[in-house]
Amino acid sequence: MSTYDSEKVAKLHRELHSHLPSEPALRLKALETVLVEKGFLAADGVDKWLEDYSENVGPMNGAKVIAQAWTDPDYAMRLEQDADAAFVEVVPTAPHNYNLRAVFNTPQVHNLIVCTLCSCYPLGLLGMSPSWYKSAEYRARAVRDPRGVLSEFGTDLLDDVEVKVWDSTSDRRYMVVPSRPAGTDDWSKDDLANLVTRNSMIGTVRDLSPVGGAG
Ligand code: FE
């Protein structure tokens, strides 16, 4: 005769729920459905927007700015002093309504960005933020153990490199300016921009050395 194992049933129940989308995701989907039904939104509108932000807007806007800074020292200085104005110089259409600060990596300093409170991120400049950026684990550990987090991203820093962690807010966002890799002196701005990754502008990746050569 089978017996009722309440613990086993509870476990099964939890597992079933863990496969359902989260409540905010379900609510968003319901809202999207209503907007489409009422004709306020094209059926593929949200997908197109998401695709545009993840594939086109970002991180290429940021990458263009980094490539400009690598090839023009005067521009790099302007980017350091007034990142908002400098960003608009290179990407006039990049939407943002917060104060941007560009923090520069050097041989002695490595910068890492986090939002400890929620998930603030320069969306219009770098595109969609990765899901790990929003995770409670990253938000807590980036501050408590930045070297450990970096190591998990394959970035092992020498002991004499100082790590600076920048905590974003709703009105102050940061972007990391990675160091230009060696061996790229004769590269075009477009090839340089293609080297720049989203993670390097968050700071979880430090070394952008090319594997093959200019593309
Ligand atoms: Fe936030």
# chains A, B, ... in the order shown; residues from 1 in each chain; ligands from 1

$ residues_near_ligand --ligand "ligand 1" --cutoff "6 Å" --atoms "only C-alpha atoms and all ligand atoms" --output "list in words"
Cys115, Leu117, Cys118, Ser119, Cys120, Thr169 and Ser170 of chain A

$ closest_atom_pairs --of "stretch 122-180 of chain A" --to "stretch 78-85 of chain A" --cutoff "10 Å" --atoms "only C-alpha atoms" --output "Markdown table"
| residue | atom | partner | partner_atom | distance |
| --- | --- | --- | --- | --- |
| A:Tyr174 | CA | A:Ala83 | CA | 9.3 |
| A:Met175 | CA | A:Ala83 | CA | 9.3 |
| A:Val177 | CA | A:Glu80 | CA | 9.4 |

$ select_by_dssp --residues "stretch 1-207 of chain A" --states "strand (DSSP E)" --output "MDAnalysis selection string"
chainID A and resid 99:104 109:114 162:167 172:177

$ select_by_dssp --residues "stretch 30-193 of chain A" --states "alpha helix (DSSP H)" --output "PyMOL selection string"
chain A and resi 30-37+45-51+60-71+73-81+83-90+123-126+131-134+136-144+146-152+189-193

$ atom_distance --atom1 "atom CA of A:Ala86" --atom2 "atom CA of A:Lys64"
11.4 Å

$ atom_distance --atom1 "atom CA of A:Leu123" --atom2 "atom CA of A:Gln108"
28.2 Å

$ closest_residue --among "A:Leu195, A:Ala140, A:Val149, A:Leu112" --to "A:Val165" --atoms "only C-alpha atoms"
A:Leu112

$ closest_residue --among "A:Pro59, A:Gly203, A:Gly39, A:Pro92" --to "A:Gly154" --atoms "only C-alpha atoms"
A:Gly203

$ atom_distance --atom1 "atom CA of A:Tyr75" --atom2 "atom CA of A:Ala182"
19.9 Å

$ residues_around --residues "A:Val143" --least-positions-apart "2" --cutoff "9 Å" --atoms "only C-alpha atoms" --output "PyMOL selection string"
chain A and resi 114+116+138-141+145-146+165-167

$ write_last_selection --atoms "all heavy atoms" --output "mmCIF file, in the first residue's frame"
data_model
loop_
_atom_site.group_PDB
_atom_site.id
_atom_site.type_symbol
_atom_site.label_atom_id
_atom_site.label_comp_id
_atom_site.auth_asym_id
_atom_site.auth_seq_id
_atom_site.Cartn_x
_atom_site.Cartn_y
_atom_site.Cartn_z
ATOM 1 N N VAL A 114 28.372 47.653 -10.659
ATOM 2 C CA VAL A 114 27.297 46.874 -10.062
ATOM 3 C C VAL A 114 26.167 47.838 -9.718
ATOM 4 O O VAL A 114 26.371 49.054 -9.717
ATOM 5 C CB VAL A 114 27.820 46.148 -8.783
ATOM 6 C CG1 VAL A 114 28.176 47.147 -7.696
ATOM 7 C CG2 VAL A 114 26.816 45.145 -8.253
ATOM 8 N N THR A 116 23.956 47.662 -6.445
ATOM 9 C CA THR A 116 23.685 46.825 -5.272
ATOM 10 C C THR A 116 22.206 46.855 -4.903
ATOM 11 O O THR A 116 21.688 45.917 -4.320
ATOM 12 C CB THR A 116 24.513 47.284 -4.054
ATOM 13 O OG1 THR A 116 24.284 48.671 -3.854
ATOM 14 C CG2 THR A 116 25.981 47.022 -4.266
ATOM 15 N N TYR A 138 25.299 38.354 -7.704
ATOM 16 C CA TYR A 138 26.284 39.290 -8.280
ATOM 17 C C TYR A 138 26.270 40.601 -7.498
ATOM 18 O O TYR A 138 27.315 41.157 -7.163
ATOM 19 C CB TYR A 138 25.989 39.544 -9.757
ATOM 20 C CG TYR A 138 26.934 40.563 -10.360
ATOM 21 C CD1 TYR A 138 28.246 40.208 -10.685
ATOM 22 C CD2 TYR A 138 26.539 41.882 -10.564
ATOM 23 C CE1 TYR A 138 29.131 41.151 -11.200
ATOM 24 C CE2 TYR A 138 27.418 42.822 -11.088
ATOM 25 C CZ TYR A 138 28.702 42.452 -11.408
ATOM 26 O OH TYR A 138 29.578 43.382 -11.912
ATOM 27 N N ARG A 139 25.065 41.112 -7.206
ATOM 28 C CA ARG A 139 24.946 42.413 -6.549
ATOM 29 C C ARG A 139 25.622 42.404 -5.176
ATOM 30 O O ARG A 139 26.201 43.400 -4.745
ATOM 31 C CB ARG A 139 23.477 42.793 -6.428
ATOM 32 C CG ARG A 139 22.928 43.307 -7.765
ATOM 33 C CD ARG A 139 21.426 43.161 -7.884
ATOM 34 N NE ARG A 139 20.739 43.553 -6.679
ATOM 35 C CZ ARG A 139 19.566 43.080 -6.293
ATOM 36 N NH1 ARG A 139 18.951 42.176 -7.047
ATOM 37 N NH2 ARG A 139 19.005 43.483 -5.190
ATOM 38 N N ALA A 140 25.544 41.286 -4.498
ATOM 39 C CA ALA A 140 26.163 41.212 -3.168
ATOM 40 C C ALA A 140 27.660 40.920 -3.278
ATOM 41 O O ALA A 140 28.487 41.568 -2.644
ATOM 42 C CB ALA A 140 25.476 40.122 -2.349
ATOM 43 N N ARG A 141 27.996 39.961 -4.115
ATOM 44 C CA ARG A 141 29.399 39.504 -4.144
ATOM 45 C C ARG A 141 30.343 40.450 -4.872
ATOM 46 O O ARG A 141 31.533 40.486 -4.597
ATOM 47 C CB ARG A 141 29.463 38.108 -4.753
ATOM 48 C CG ARG A 141 28.869 37.047 -3.825
ATOM 49 C CD ARG A 141 29.158 35.655 -4.319
ATOM 50 N NE ARG A 141 30.571 35.435 -4.536
ATOM 51 C CZ ARG A 141 31.072 34.832 -5.634
ATOM 52 N NH1 ARG A 141 30.278 34.401 -6.583
ATOM 53 N NH2 ARG A 141 32.365 34.665 -5.758
ATOM 54 N N ASP A 145 33.338 40.536 -2.576
ATOM 55 C CA ASP A 145 34.456 39.729 -3.053
ATOM 56 C C ASP A 145 34.663 39.949 -4.563
ATOM 57 O O ASP A 145 34.493 39.033 -5.369
ATOM 58 C CB ASP A 145 34.153 38.243 -2.757
ATOM 59 C CG ASP A 145 35.256 37.334 -3.280
ATOM 60 O OD1 ASP A 145 36.405 37.793 -3.430
ATOM 61 O OD2 ASP A 145 34.954 36.153 -3.554
ATOM 62 N N PRO A 146 35.033 41.190 -4.935
ATOM 63 C CA PRO A 146 35.140 41.465 -6.380
ATOM 64 C C PRO A 146 36.180 40.588 -7.079
ATOM 65 O O PRO A 146 35.956 40.147 -8.211
ATOM 66 C CB PRO A 146 35.522 42.950 -6.432
ATOM 67 C CG PRO A 146 35.986 43.311 -5.069
ATOM 68 C CD PRO A 146 35.310 42.374 -4.119
ATOM 69 N N VAL A 165 35.081 49.288 -7.241
ATOM 70 C CA VAL A 165 33.713 48.857 -7.538
ATOM 71 C C VAL A 165 32.808 50.086 -7.504
ATOM 72 O O VAL A 165 32.818 50.844 -6.526
ATOM 73 C CB VAL A 165 33.235 47.798 -6.512
ATOM 74 C CG1 VAL A 165 31.815 47.349 -6.835
ATOM 75 C CG2 VAL A 165 34.177 46.606 -6.502
ATOM 76 N N TRP A 166 32.067 50.283 -8.573
ATOM 77 C CA TRP A 166 31.210 51.470 -8.703
ATOM 78 C C TRP A 166 29.748 51.034 -8.602
ATOM 79 O O TRP A 166 29.290 50.209 -9.380
ATOM 80 C CB TRP A 166 31.468 52.149 -10.045
ATOM 81 C CG TRP A 166 32.903 52.557 -10.200
ATOM 82 C CD1 TRP A 166 33.915 51.799 -10.714
ATOM 83 C CD2 TRP A 166 33.500 53.788 -9.798
ATOM 84 N NE1 TRP A 166 35.097 52.494 -10.678
ATOM 85 C CE2 TRP A 166 34.874 53.718 -10.128
ATOM 86 C CE3 TRP A 166 33.006 54.962 -9.211
ATOM 87 C CZ2 TRP A 166 35.758 54.770 -9.874
ATOM 88 C CZ3 TRP A 166 33.900 56.007 -8.965
ATOM 89 C CH2 TRP A 166 35.255 55.906 -9.299
ATOM 90 N N ASP A 167 29.043 51.647 -7.642
ATOM 91 C CA ASP A 167 27.646 51.274 -7.391
ATOM 92 C C ASP A 167 26.707 52.238 -8.122
ATOM 93 O O ASP A 167 26.654 53.426 -7.792
ATOM 94 C CB ASP A 167 27.398 51.301 -5.874
ATOM 95 C CG ASP A 167 26.103 50.622 -5.508
ATOM 96 O OD1 ASP A 167 25.398 50.139 -6.422
ATOM 97 O OD2 ASP A 167 25.781 50.575 -4.301
#

$ closest_atom_pairs --of "stretch 44-95 of chain A" --to "stretch 21-34 of chain A" --cutoff "12 Å" --atoms "only C-alpha atoms" --output "CSV"
residue,atom,partner,partner_atom,distance
A:Asp44,CA,A:Glu32,CA,10.1
A:Gly45,CA,A:Glu32,CA,9.3
A:Val46,CA,A:Glu32,CA,8.0
A:Asp47,CA,A:Glu32,CA,10.7

$ write_last_selection --atoms "C-alpha atoms" --output "short mmCIF file (atom, residue, chain, number, x, y, z; two decimals), in the first residue's frame"
data_model
loop_
_atom_site.label_atom_id
_atom_site.label_comp_id
_atom_site.auth_asym_id
_atom_site.auth_seq_id
_atom_site.Cartn_x
_atom_site.Cartn_y
_atom_site.Cartn_z
CA ASP A 44 6.05 41.27 -32.73
CA GLY A 45 6.67 44.75 -31.26
CA VAL A 46 8.21 43.67 -27.97
CA ASP A 47 10.36 40.97 -29.59
#

$ closest_residue --among "A:Gln68, A:Pro122, A:Thr155, A:Val161" --to "A:Ser200" --atoms "only C-alpha atoms"
A:Thr155

$ residues_around --residues "A:Lys189" --least-positions-apart "4" --cutoff "9 Å" --atoms "only C-alpha atoms" --output "JSON, numbers by chain"
{"A": [64, 67, 68, 70, 71, 193, 194]}

$ closest_residue --among "A:Asp160, A:Ser168, A:Arg198, A:Gly124" --to "A:Leu50" --atoms "only C-alpha atoms"
A:Gly124

$ residues_around --residues "A:Leu158" --least-positions-apart "3" --cutoff "12 Å" --atoms "only C-alpha atoms" --output "list in words"
Pro107, Gln108, Val109, His110, Arg147, Leu150, Ser151, Thr155, Val161, Glu162, Val163 and Arg206 of chain A

$ write_last_selection --atoms "N, CA, C and O atoms" --output "short mmCIF file (atom, residue, chain, number, x, y, z; two decimals), in the first residue's frame"
data_model
loop_
_atom_site.label_atom_id
_atom_site.label_comp_id
_atom_site.auth_asym_id
_atom_site.auth_seq_id
_atom_site.Cartn_x
_atom_site.Cartn_y
_atom_site.Cartn_z
N PRO A 107 46.94 50.04 -15.99
CA PRO A 107 47.69 48.87 -15.53
C PRO A 107 47.56 48.65 -14.02
O PRO A 107 47.65 47.52 -13.53
N GLN A 108 47.31 49.73 -13.27
CA GLN A 108 47.23 49.60 -11.80
C GLN A 108 45.81 49.50 -11.26
O GLN A 108 45.61 49.16 -10.09
N VAL A 109 44.82 49.84 -12.09
CA VAL A 109 43.44 49.91 -11.59
C VAL A 109 42.50 49.11 -12.49
O VAL A 109 42.59 49.21 -13.72
N HIS A 110 41.63 48.35 -11.85
CA HIS A 110 40.56 47.69 -12.61
C HIS A 110 39.21 48.13 -12.03
O HIS A 110 39.03 48.15 -10.82
N ARG A 147 37.29 40.29 -6.41
CA ARG A 147 38.32 39.46 -7.05
C ARG A 147 37.81 38.04 -7.30
O ARG A 147 38.13 37.44 -8.32
N LEU A 150 35.44 38.27 -10.29
CA LEU A 150 36.22 38.44 -11.52
C LEU A 150 36.87 37.13 -11.93
O LEU A 150 36.89 36.77 -13.11
N SER A 151 37.37 36.41 -10.96
CA SER A 151 38.03 35.14 -11.25
C SER A 151 37.05 34.16 -11.90
O SER A 151 37.41 33.41 -12.81
N THR A 155 38.80 36.38 -15.16
CA THR A 155 39.66 37.55 -15.02
C THR A 155 40.42 37.45 -13.71
O THR A 155 39.87 37.73 -12.65
N VAL A 161 47.13 45.05 -8.59
CA VAL A 161 46.08 45.80 -9.30
C VAL A 161 44.94 46.09 -8.32
O VAL A 161 44.40 45.18 -7.70
N GLU A 162 44.63 47.38 -8.20
CA GLU A 162 43.54 47.76 -7.30
C GLU A 162 42.19 47.60 -8.01
O GLU A 162 42.06 47.94 -9.17
N VAL A 163 41.19 47.06 -7.29
CA VAL A 163 39.85 46.92 -7.87
C VAL A 163 38.97 48.03 -7.31
O VAL A 163 38.86 48.19 -6.09
N ARG A 206 38.71 41.90 -18.44
CA ARG A 206 39.73 42.97 -18.47
C ARG A 206 40.56 42.92 -19.76
O ARG A 206 40.90 43.95 -20.31
#
